[in-house]
>>> print(open('final-v9.cif').read())   # mmCIF, C-alpha atoms and all ligand atoms
data_coords
loop_
_atom_site.label_atom_id
_atom_site.label_comp_id
_atom_site.auth_asym_id
_atom_site.auth_seq_id
_atom_site.Cartn_x
_atom_site.Cartn_y
_atom_site.Cartn_z
CA MET A 13 0.00 0.00 0.00
CA ARG A 14 2.88 2.33 0.80
CA TYR A 15 6.30 1.35 -0.37
CA ILE A 16 9.59 2.60 -1.72
CA ALA A 17 10.73 1.13 -5.01
CA ASN A 18 12.93 1.75 -8.00
CA ARG A 19 10.85 2.59 -11.03
CA SER A 20 11.51 -0.02 -13.68
CA SER A 21 9.33 -1.83 -16.22
CA GLY A 22 11.56 -4.91 -16.50
CA LYS A 23 11.20 -4.76 -20.30
CA GLN A 24 14.94 -4.93 -21.02
CA GLY A 25 15.58 -7.88 -18.70
CA TYR A 26 12.59 -9.84 -20.00
CA ALA A 27 13.66 -9.15 -23.59
CA ILE A 28 17.13 -10.52 -22.79
CA ALA A 29 15.63 -13.67 -21.24
CA ALA A 30 13.44 -14.17 -24.32
CA ALA A 31 16.35 -13.60 -26.73
CA ALA A 32 18.56 -16.05 -24.81
CA GLN A 33 15.75 -18.62 -24.74
CA ALA A 34 15.19 -18.15 -28.51
CA ALA A 35 18.93 -18.67 -29.06
CA GLY A 36 18.69 -22.06 -27.33
CA ALA A 37 20.12 -21.18 -23.91
CA ASP A 38 18.86 -22.71 -20.65
CA VAL A 39 17.39 -19.62 -18.99
CA THR A 40 16.47 -18.84 -15.40
CA LEU A 41 14.81 -15.45 -15.03
CA ILE A 42 14.67 -13.89 -11.57
CA SER A 43 12.37 -10.92 -11.46
CA GLY A 44 10.90 -8.30 -9.23
CA PRO A 45 7.18 -7.52 -9.57
CA VAL A 46 6.53 -6.38 -13.14
CA ASP A 47 3.56 -6.31 -15.46
CA LEU A 48 5.06 -8.56 -18.11
CA ASP A 49 4.61 -12.13 -19.28
CA ALA A 50 7.59 -14.43 -18.91
CA PRO A 51 8.87 -15.97 -22.15
CA GLU A 52 6.77 -18.92 -23.27
CA GLY A 53 7.64 -22.46 -22.30
CA GLY A 54 8.81 -22.03 -18.70
CA ASP A 55 7.54 -22.60 -15.19
CA GLY A 56 6.73 -19.82 -12.76
CA ASP A 57 8.02 -20.29 -9.23
CA ALA A 58 8.19 -17.79 -6.39
CA GLY A 59 11.19 -19.65 -4.96
CA GLY A 60 10.04 -18.79 -1.44
CA ASN A 61 11.31 -15.23 -1.78
CA PRO A 62 8.60 -12.56 -1.49
CA ARG A 63 10.85 -9.98 -3.18
CA ALA A 64 11.55 -11.97 -6.35
CA THR A 65 9.87 -14.45 -8.62
CA CYS A 66 11.79 -17.01 -10.53
CA TRP A 67 10.98 -18.44 -13.94
CA ARG A 68 12.81 -21.35 -15.46
CA GLY A 69 13.07 -22.27 -19.12
CA SER A 70 12.08 -25.68 -20.36
CA LYS A 71 15.44 -27.27 -19.62
CA PRO A 72 16.56 -28.24 -16.10
CA PRO A 73 18.53 -25.54 -14.24
CA CYS A 74 22.28 -25.91 -14.14
CA PRO A 75 25.03 -23.76 -12.57
CA PRO A 76 24.90 -20.55 -14.61
CA TYR A 77 27.62 -19.98 -17.18
CA ILE A 78 26.49 -16.44 -17.89
CA ALA A 79 24.78 -14.15 -15.36
CA ILE A 80 23.13 -10.97 -16.61
CA PHE A 81 21.96 -8.37 -14.09
CA ALA A 82 19.53 -6.07 -15.85
CA ALA A 83 17.31 -5.33 -12.86
CA ALA A 84 17.08 -1.87 -11.34
CA VAL A 85 17.46 -3.25 -7.83
CA ALA A 86 16.38 -0.82 -5.11
CA ASP A 87 19.43 0.23 -3.13
CA TRP A 88 17.49 0.48 0.13
CA ARG A 89 14.37 -0.93 1.71
CA VAL A 90 12.50 0.15 4.83
CA ALA A 91 13.98 -1.34 7.97
CA ASN A 92 10.66 -2.39 9.45
CA GLU A 93 7.92 -3.50 7.15
CA GLY A 94 4.61 -2.52 8.79
CA GLU A 95 1.86 -5.09 9.25
CA GLN A 96 -0.82 -2.43 9.03
CA LYS A 97 -1.36 0.63 6.91
CA LEU A 98 0.56 3.62 8.24
CA LYS A 99 -1.92 6.19 9.52
CA LYS A 100 -1.34 9.91 9.27
CA SER A 101 -0.55 11.73 12.45
CA GLU A 102 -1.32 15.41 12.95
CA THR A 103 1.76 15.96 15.04
CA ALA A 104 4.71 14.31 13.29
CA LEU A 105 5.87 12.74 10.05
CA PRO A 106 6.53 9.01 10.39
CA PRO A 107 10.20 8.21 10.92
CA LEU A 108 11.57 6.37 7.93
CA GLN A 109 14.50 4.08 8.54
CA LEU A 110 16.18 2.44 5.60
CA VAL A 111 18.57 -0.49 5.33
CA GLU A 112 20.76 -1.20 2.34
CA ASN A 113 19.89 -4.15 0.13
CA PRO A 114 22.66 -6.61 -0.66
CA ASP A 115 24.51 -5.87 -3.89
CA LEU A 116 23.76 -8.98 -5.88
CA LEU A 117 25.99 -8.17 -8.84
CA ALA A 118 29.05 -7.36 -6.68
CA THR A 119 28.48 -10.51 -4.61
CA ILE A 120 28.17 -12.85 -7.61
CA SER A 121 31.18 -11.18 -9.29
CA LYS A 122 33.52 -12.03 -6.41
CA PRO A 123 36.27 -14.39 -7.55
CA GLY A 124 35.69 -17.99 -6.53
CA GLU A 125 34.72 -21.41 -7.75
CA LYS A 126 31.05 -20.54 -8.01
CA ARG A 127 31.54 -17.34 -10.02
CA PRO A 128 29.94 -17.67 -13.45
CA PRO A 129 32.64 -17.27 -16.12
CA LEU A 130 30.82 -14.31 -17.69
CA VAL A 131 29.07 -11.79 -15.42
CA ILE A 132 27.31 -8.85 -17.07
CA GLY A 133 25.86 -5.91 -15.19
CA PHE A 134 23.92 -2.85 -16.23
CA ALA A 135 24.65 0.75 -15.28
CA ALA A 136 21.67 3.07 -15.03
CA GLU A 137 23.06 6.60 -15.01
CA THR A 138 21.69 10.10 -15.32
CA GLU A 139 25.03 11.92 -15.70
CA HIS A 140 28.64 11.20 -16.70
CA LEU A 141 27.38 7.97 -18.26
CA ILE A 142 30.63 6.43 -19.49
CA ASP A 143 32.81 7.56 -16.57
CA ASN A 144 30.30 6.34 -14.01
CA ALA A 145 29.84 3.05 -15.88
CA LYS A 146 33.61 2.49 -16.03
CA ALA A 147 33.87 3.09 -12.28
CA LYS A 148 30.93 0.73 -11.73
CA LEU A 149 32.54 -2.01 -13.82
CA LYS A 150 35.65 -1.82 -11.65
CA ARG A 151 33.77 -1.48 -8.37
CA LYS A 152 31.41 -4.39 -8.98
CA GLY A 153 34.07 -6.70 -10.41
CA CYS A 154 31.90 -7.93 -13.30
CA ASP A 155 33.21 -8.59 -16.83
CA TRP A 156 30.93 -6.36 -18.90
CA ILE A 157 28.62 -3.47 -18.16
CA VAL A 158 25.76 -2.34 -20.36
CA ALA A 159 25.48 1.39 -19.68
CA ASN A 160 22.33 3.35 -20.37
CA ASP A 161 21.24 6.89 -19.72
CA VAL A 162 17.98 6.70 -17.75
CA SER A 163 17.37 10.44 -17.38
CA PRO A 164 13.62 11.16 -17.71
CA SER A 165 14.23 13.02 -21.02
CA THR A 166 15.56 9.80 -22.67
CA GLY A 167 12.30 7.89 -22.11
CA VAL A 168 14.29 4.71 -21.36
CA MET A 169 12.58 3.98 -18.03
CA GLY A 170 9.33 2.28 -18.98
CA GLY A 171 9.87 2.99 -22.68
CA ASP A 172 10.44 0.58 -25.57
CA ARG A 173 13.77 1.89 -26.82
CA ASN A 174 17.23 2.00 -25.38
CA THR A 175 20.61 3.44 -26.34
CA VAL A 176 23.36 1.41 -24.75
CA HIS A 177 27.14 1.32 -24.54
CA LEU A 178 28.81 -2.02 -23.92
CA LEU A 179 31.86 -1.71 -21.68
CA SER A 180 34.22 -4.66 -21.46
CA ARG A 181 37.61 -5.28 -19.93
CA ASN A 182 40.61 -5.66 -22.17
CA GLY A 183 43.51 -6.25 -19.78
CA ASP A 184 43.77 -3.08 -17.72
CA ASP A 185 41.82 -1.06 -20.30
CA ILE A 186 38.08 -0.78 -20.66
CA GLU A 187 36.68 -0.85 -24.19
CA VAL A 188 33.50 1.07 -24.97
CA ASP A 189 31.27 -0.06 -27.83
CA SER A 190 28.43 2.43 -28.44
CA TRP A 191 25.35 1.00 -30.12
CA PRO A 192 22.72 3.00 -32.01
CA VAL A 193 19.26 3.57 -30.57
CA MET A 194 17.32 0.30 -30.76
CA THR A 195 14.18 -1.29 -29.37
CA LYS A 196 14.79 -3.18 -26.14
CA GLU A 197 14.20 -6.44 -28.06
CA GLN A 198 16.89 -5.46 -30.58
CA VAL A 199 19.31 -4.59 -27.76
CA ALA A 200 18.59 -8.01 -26.24
CA VAL A 201 19.20 -9.89 -29.49
CA ALA A 202 22.41 -7.91 -30.13
CA LEU A 203 23.65 -8.61 -26.60
CA ILE A 204 22.99 -12.35 -26.92
CA ALA A 205 24.72 -12.36 -30.35
CA HIS A 206 27.70 -10.57 -28.78
CA ILE A 207 27.84 -13.14 -25.99
CA ALA A 208 27.70 -16.01 -28.52
CA GLU A 209 30.54 -14.44 -30.51
CA HIS A 210 32.59 -14.01 -27.32
CA LEU A 211 32.04 -17.64 -26.30
CA LEU A 212 32.99 -18.85 -29.78
CA THR A 213 36.21 -16.79 -29.73
CA LYS A 214 37.07 -18.14 -26.27
CA SER A 215 36.45 -21.73 -27.28
CA LEU A 216 38.54 -21.32 -30.48
CA GLN A 217 41.34 -19.81 -28.36
CA ALA A 218 41.11 -22.68 -25.87
CA ASN A 219 41.22 -25.24 -28.73
CA SER A 220 44.25 -23.62 -30.32
CA GLU A 221 46.06 -23.39 -26.94
CA GLN A 222 45.29 -27.08 -26.36
CA ALA A 223 46.55 -27.96 -29.86
CA ASN A 224 49.75 -25.92 -29.28
CA SER A 225 50.42 -27.65 -25.96
CA VAL A 226 49.84 -31.10 -27.56
CA ASP A 227 52.27 -30.09 -30.37
CA SER A 228 54.96 -28.92 -27.97
CA GLU A 229 54.54 -32.09 -25.85
CA SER A 230 54.98 -34.30 -28.90
CA ILE A 231 58.08 -32.29 -29.99
CA GLU A 232 59.55 -32.84 -26.51
CA ASP A 233 58.70 -36.57 -26.70
CA ASN A 234 60.31 -36.91 -30.14
CA SER A 235 63.48 -35.15 -29.10
CA ALA A 236 63.68 -37.31 -25.95
CA GLU A 237 63.50 -40.46 -28.13
CA LYS A 238 66.38 -39.32 -30.42
CA PRO A 239 69.82 -40.82 -29.56
CA ALA A 240 72.29 -38.25 -28.26
N1 LIG B 1 22.61 -4.19 -8.55
C1 LIG B 1 22.54 -5.31 -7.75
N2 LIG B 1 22.18 -5.18 -6.44
C2 LIG B 1 21.90 -3.97 -5.91
C3 LIG B 1 22.00 -2.81 -6.72
C4 LIG B 1 22.34 -2.96 -8.04
O1 LIG B 1 22.79 -6.42 -8.23
N3 LIG B 1 21.56 -3.88 -4.63
C5 LIG B 1 23.06 -4.34 -9.97
C6 LIG B 1 22.05 -3.92 -11.01
O2 LIG B 1 21.22 -5.01 -11.40
C7 LIG B 1 22.97 -3.50 -12.16
C8 LIG B 1 24.18 -2.94 -11.44
O3 LIG B 1 24.17 -3.50 -10.12
O4 LIG B 1 23.40 -4.60 -12.94
C9 LIG B 1 24.23 -1.43 -11.33
O5 LIG B 1 23.00 -0.96 -10.82
P1 LIG B 1 22.74 0.61 -10.76
O6 LIG B 1 21.37 0.82 -10.25
O7 LIG B 1 23.15 1.23 -12.07
O8 LIG B 1 23.84 1.13 -9.74
P2 LIG B 1 24.00 0.99 -8.18
O9 LIG B 1 24.80 -0.23 -7.88
O10 LIG B 1 22.66 1.04 -7.52
O11 LIG B 1 24.89 2.24 -7.82
P3 LIG B 1 24.47 3.82 -7.85
O12 LIG B 1 23.06 3.86 -7.29
O13 LIG B 1 25.47 4.44 -6.97
O14 LIG B 1 24.54 4.27 -9.28
#
>>> encode(input="final-v9.cif", output="structure tokens")
Amino acid sequence: MRYIANRSSGKQGYAIAAAAQAAGADVTLISGPVDLDAPEGGDGDAGGNPRATCWRGSKPPCPPYIAIFAAAVADWRVANEGEQKLKKSETALPPLQLVENPDLLATISKPGEKRPPLVIGFAAETEHLIDNAKAKLKRKGCDWIVANDVSPSTGVMGGDRNTVHLLSRNGDDIEVDSWPVMTKEQVAVALIAHIAEHLLTKSLQANSEQANSVDSESIEDNSAEKPA
């Protein structure tokens, strides 16, 4: 009845889940309350958490290889959720105590065995978009950040279009790839295509490294067999 929330339609995150599902990925979508239908072919499940609902694609869940954090998570929540409606008082405003919500992206990005190999965050900014997004990429420890300007004049919040910049790490540098204005569905498809390309490049690199190490092992073996 009375609550504090971040304003967000969820359209971009749902579009990404649908694009990943259409590309053949096993998708688990974790969502706050939005007025959108989950992609077809999955099961709804509240997962016991009143603050999030969880939807799974048709395939069984597995440890995530790619985690994408598109949600505009509220930074704070009220410390004490009331059981009853707050009534107005003529003498004083109600005290409002806030506690910080856990930072999901920063937590999942921490190095460790359970870290997904590719963690992608979003940066919702209203000023200094690229500089703030670069700082966020470093601070959160994720691999890529999709930065978007969410100032009211852009119409991104709740709208159907988005203009994004994909920031990725390249050694100590951060590369910025600026995309043209697109619908949120087009951004989603482009992001999934970019991820697929990245995975393909990584697997080709891994194959060629493996082939090189097999080659150098066999050269060592051959030279060991030769008489001195
Ligand atoms: N995020 C998160 N948990 C939070 C807050 C944010 O996982 N408690 C994630 C968002 O899903 C997004 C990224 O962190 O992928 C950046 O969110 P954003 O709202 O742009 O930034 P904040 O972390 O809230 O920082 P600030 O408000 O200072 O810009």
>>> closest_atom_pairs(input="final-v9.cif", of="stretch 89-146 of chain A", to="stretch 166-190 of chain A", cutoff="10 Å", atoms="all atoms listed in the file", output="JSON lines")
{"residue": "A:Ile132", "atom": "CA", "partner": "A:Ser180", "partner_atom": "CA", "distance": 9.2}
{"residue": "A:Gly133", "atom": "CA", "partner": "A:Leu179", "partner_atom": "CA", "distance": 9.8}
{"residue": "A:Phe134", "atom": "CA", "partner": "A:Leu178", "partner_atom": "CA", "distance": 9.2}
{"residue": "A:Ala135", "atom": "CA", "partner": "A:Val176", "partner_atom": "CA", "distance": 9.6}
{"residue": "A:Ala136", "atom": "CA", "partner": "A:Met169", "partner_atom": "CA", "distance": 9.6}
{"residue": "A:Thr138", "atom": "CA", "partner": "A:Thr166", "partner_atom": "CA", "distance": 9.6}
{"residue": "A:Leu141", "atom": "CA", "partner": "A:His177", "partner_atom": "CA", "distance": 9.1}
{"residue": "A:Ile142", "atom": "CA", "partner": "A:His177", "partner_atom": "CA", "distance": 8.0}
{"residue": "A:Ala145", "atom": "CA", "partner": "A:Leu179", "partner_atom": "CA", "distance": 7.8}
{"residue": "A:Lys146", "atom": "CA", "partner": "A:Ile186", "partner_atom": "CA", "distance": 7.2}
>>> atom_distance(input="final-v9.cif", atom1="atom CA of A:Pro128", atom2="atom CA of A:Gly153")
12.1 Å
>>> closest_residue(input="final-v9.cif", among="A:Pro107, A:Pro114, A:Gly69, A:Gly54", to="ligand LIG 1 (chain B)", atoms="all atoms listed in the file")
A:Pro114
>>> closest_residue(input="final-v9.cif", among="A:Ala159, A:Leu110, A:Met194, A:Leu117", to="A:Val85", atoms="only C-alpha atoms")
A:Leu117
>>> residues_around(input="final-v9.cif", residues="A:Glu93", least_positions_apart="6", cutoff="12 Å", atoms="all atoms listed in the file", output="PyMOL selection string")
chain A and resi 13-16+108-111
>>> residues_around(input="final-v9.cif", residues="stretch 27-29 of chain A", least_positions_apart="4", cutoff="9 Å", atoms="only C-alpha atoms", output="list in words")
Gly22, Lys23, Gln33, Ala34, Val39, Thr40, Leu41, Ala50, Pro51, Ile80, Ala82, Lys196, Glu197, Gln198, Val199, Ala200, Val201, Leu203 and Ile204 of chain A
>>> write_last_selection(input="final-v9.cif", atoms="C-alpha atoms", output="PDB file, in the coordinates of the input")
ATOM      1  CA  GLY A  22      11.560  -4.910 -16.500  1.00  0.00           C
ATOM      2  CA  LYS A  23      11.200  -4.760 -20.300  1.00  0.00           C
ATOM      3  CA  GLN A  33      15.750 -18.620 -24.740  1.00  0.00           C
ATOM      4  CA  ALA A  34      15.190 -18.150 -28.510  1.00  0.00           C
ATOM      5  CA  VAL A  39      17.390 -19.620 -18.990  1.00  0.00           C
ATOM      6  CA  THR A  40      16.470 -18.840 -15.400  1.00  0.00           C
ATOM      7  CA  LEU A  41      14.810 -15.450 -15.030  1.00  0.00           C
ATOM      8  CA  ALA A  50       7.590 -14.430 -18.910  1.00  0.00           C
ATOM      9  CA  PRO A  51       8.870 -15.970 -22.150  1.00  0.00           C
ATOM     10  CA  ILE A  80      23.130 -10.970 -16.610  1.00  0.00           C
ATOM     11  CA  ALA A  82      19.530  -6.070 -15.850  1.00  0.00           C
ATOM     12  CA  LYS A 196      14.790  -3.180 -26.140  1.00  0.00           C
ATOM     13  CA  GLU A 197      14.200  -6.440 -28.060  1.00  0.00           C
ATOM     14  CA  GLN A 198      16.890  -5.460 -30.580  1.00  0.00           C
ATOM     15  CA  VAL A 199      19.310  -4.590 -27.760  1.00  0.00           C
ATOM     16  CA  ALA A 200      18.590  -8.010 -26.240  1.00  0.00           C
ATOM     17  CA  VAL A 201      19.200  -9.890 -29.490  1.00  0.00           C
ATOM     18  CA  LEU A 203      23.650  -8.610 -26.600  1.00  0.00           C
ATOM     19  CA  ILE A 204      22.990 -12.350 -26.920  1.00  0.00           C
TER      20      ILE A 204
END
>>> residues_near_point(input="final-v9.cif", point="(19.6, 9.6, -17.9)", cutoff="6 Å", atoms="only C-alpha atoms", output="number ranges by chain")
A: 137-138, 161-163
>>> closest_residue(input="final-v9.cif", among="A:Val46, A:Ala208, A:Ile120, A:Ala37", to="ligand LIG 1 (chain B)", atoms="only C-alpha atoms and all ligand atoms")
A:Ile120
>>> closest_residue(input="final-v9.cif", among="A:Ala17, A:Val226, A:Val193, A:Val158", to="ligand LIG 1 (chain B)", atoms="only C-alpha atoms and all ligand atoms")
A:Val158
>>> decode(input="final-v9.cif", residues="stretch 108-129 of chain A", atoms="N, CA and C atoms", output="mmCIF file, in the first residue's frame")
data_model
loop_
_atom_site.group_PDB
_atom_site.id
_atom_site.type_symbol
_atom_site.label_atom_id
_atom_site.label_comp_id
_atom_site.auth_asym_id
_atom_site.auth_seq_id
_atom_site.Cartn_x
_atom_site.Cartn_y
_atom_site.Cartn_z
ATOM 1 N N LEU A 108 11.342 7.348 8.993
ATOM 2 C CA LEU A 108 11.570 6.375 7.932
ATOM 3 C C LEU A 108 12.998 5.865 8.030
ATOM 4 N N GLN A 109 13.137 4.635 8.432
ATOM 5 C CA GLN A 109 14.495 4.078 8.542
ATOM 6 C C GLN A 109 14.733 3.124 7.395
ATOM 7 N N LEU A 110 15.877 3.288 6.756
ATOM 8 C CA LEU A 110 16.182 2.441 5.600
ATOM 9 C C LEU A 110 17.365 1.537 5.907
ATOM 10 N N VAL A 111 17.370 0.365 5.285
ATOM 11 C CA VAL A 111 18.571 -0.487 5.327
ATOM 12 C C VAL A 111 18.966 -0.765 3.884
ATOM 13 N N GLU A 112 20.274 -0.982 3.697
ATOM 14 C CA GLU A 112 20.757 -1.195 2.337
ATOM 15 C C GLU A 112 20.500 -2.638 1.898
ATOM 16 N N ASN A 113 20.050 -2.793 0.665
ATOM 17 C CA ASN A 113 19.890 -4.146 0.126
ATOM 18 C C ASN A 113 21.245 -4.713 -0.256
ATOM 19 N N PRO A 114 21.384 -6.026 -0.225
ATOM 20 C CA PRO A 114 22.662 -6.608 -0.657
ATOM 21 C C PRO A 114 22.907 -6.303 -2.132
ATOM 22 N N ASP A 115 24.166 -6.106 -2.482
ATOM 23 C CA ASP A 115 24.509 -5.871 -3.886
ATOM 24 C C ASP A 115 24.725 -7.218 -4.554
ATOM 25 N N LEU A 116 23.728 -7.637 -5.294
ATOM 26 C CA LEU A 116 23.759 -8.984 -5.882
ATOM 27 C C LEU A 116 24.881 -9.109 -6.911
ATOM 28 N N LEU A 117 24.986 -8.105 -7.777
ATOM 29 C CA LEU A 117 25.995 -8.170 -8.839
ATOM 30 C C LEU A 117 27.412 -8.240 -8.251
ATOM 31 N N ALA A 118 27.699 -7.368 -7.277
ATOM 32 C CA ALA A 118 29.048 -7.365 -6.683
ATOM 33 C C ALA A 118 29.322 -8.685 -5.970
ATOM 34 N N THR A 119 28.298 -9.251 -5.341
ATOM 35 C CA THR A 119 28.482 -10.509 -4.611
ATOM 36 C C THR A 119 28.784 -11.653 -5.581
ATOM 37 N N ILE A 120 27.983 -11.745 -6.647
ATOM 38 C CA ILE A 120 28.173 -12.846 -7.612
ATOM 39 C C ILE A 120 29.492 -12.689 -8.366
ATOM 40 N N SER A 121 29.952 -11.422 -8.520
ATOM 41 C CA SER A 121 31.184 -11.185 -9.286
ATOM 42 C C SER A 121 32.448 -11.516 -8.505
ATOM 43 N N LYS A 122 32.311 -11.755 -7.205
ATOM 44 C CA LYS A 122 33.519 -12.028 -6.410
ATOM 45 C C LYS A 122 34.224 -13.274 -6.943
ATOM 46 N N PRO A 123 35.563 -13.217 -7.047
ATOM 47 C CA PRO A 123 36.273 -14.394 -7.551
ATOM 48 C C PRO A 123 36.004 -15.609 -6.677
ATOM 49 N N GLY A 124 35.939 -16.752 -7.287
ATOM 50 C CA GLY A 124 35.691 -17.988 -6.534
ATOM 51 C C GLY A 124 35.181 -19.053 -7.468
ATOM 52 N N GLU A 125 35.124 -20.263 -6.927
ATOM 53 C CA GLU A 125 34.723 -21.409 -7.747
ATOM 54 C C GLU A 125 33.330 -21.254 -8.344
ATOM 55 N N LYS A 126 32.444 -20.594 -7.568
ATOM 56 C CA LYS A 126 31.047 -20.540 -8.014
ATOM 57 C C LYS A 126 30.768 -19.358 -8.941
ATOM 58 N N ARG A 127 31.789 -18.514 -9.174
ATOM 59 C CA ARG A 127 31.543 -17.338 -10.024
ATOM 60 C C ARG A 127 31.256 -17.793 -11.454
ATOM 61 N N PRO A 128 30.156 -17.337 -12.038
ATOM 62 C CA PRO A 128 29.939 -17.675 -13.448
ATOM 63 C C PRO A 128 31.076 -17.082 -14.279
ATOM 64 N N PRO A 129 31.510 -17.776 -15.332
ATOM 65 C CA PRO A 129 32.644 -17.273 -16.123
ATOM 66 C C PRO A 129 32.377 -15.928 -16.799
#
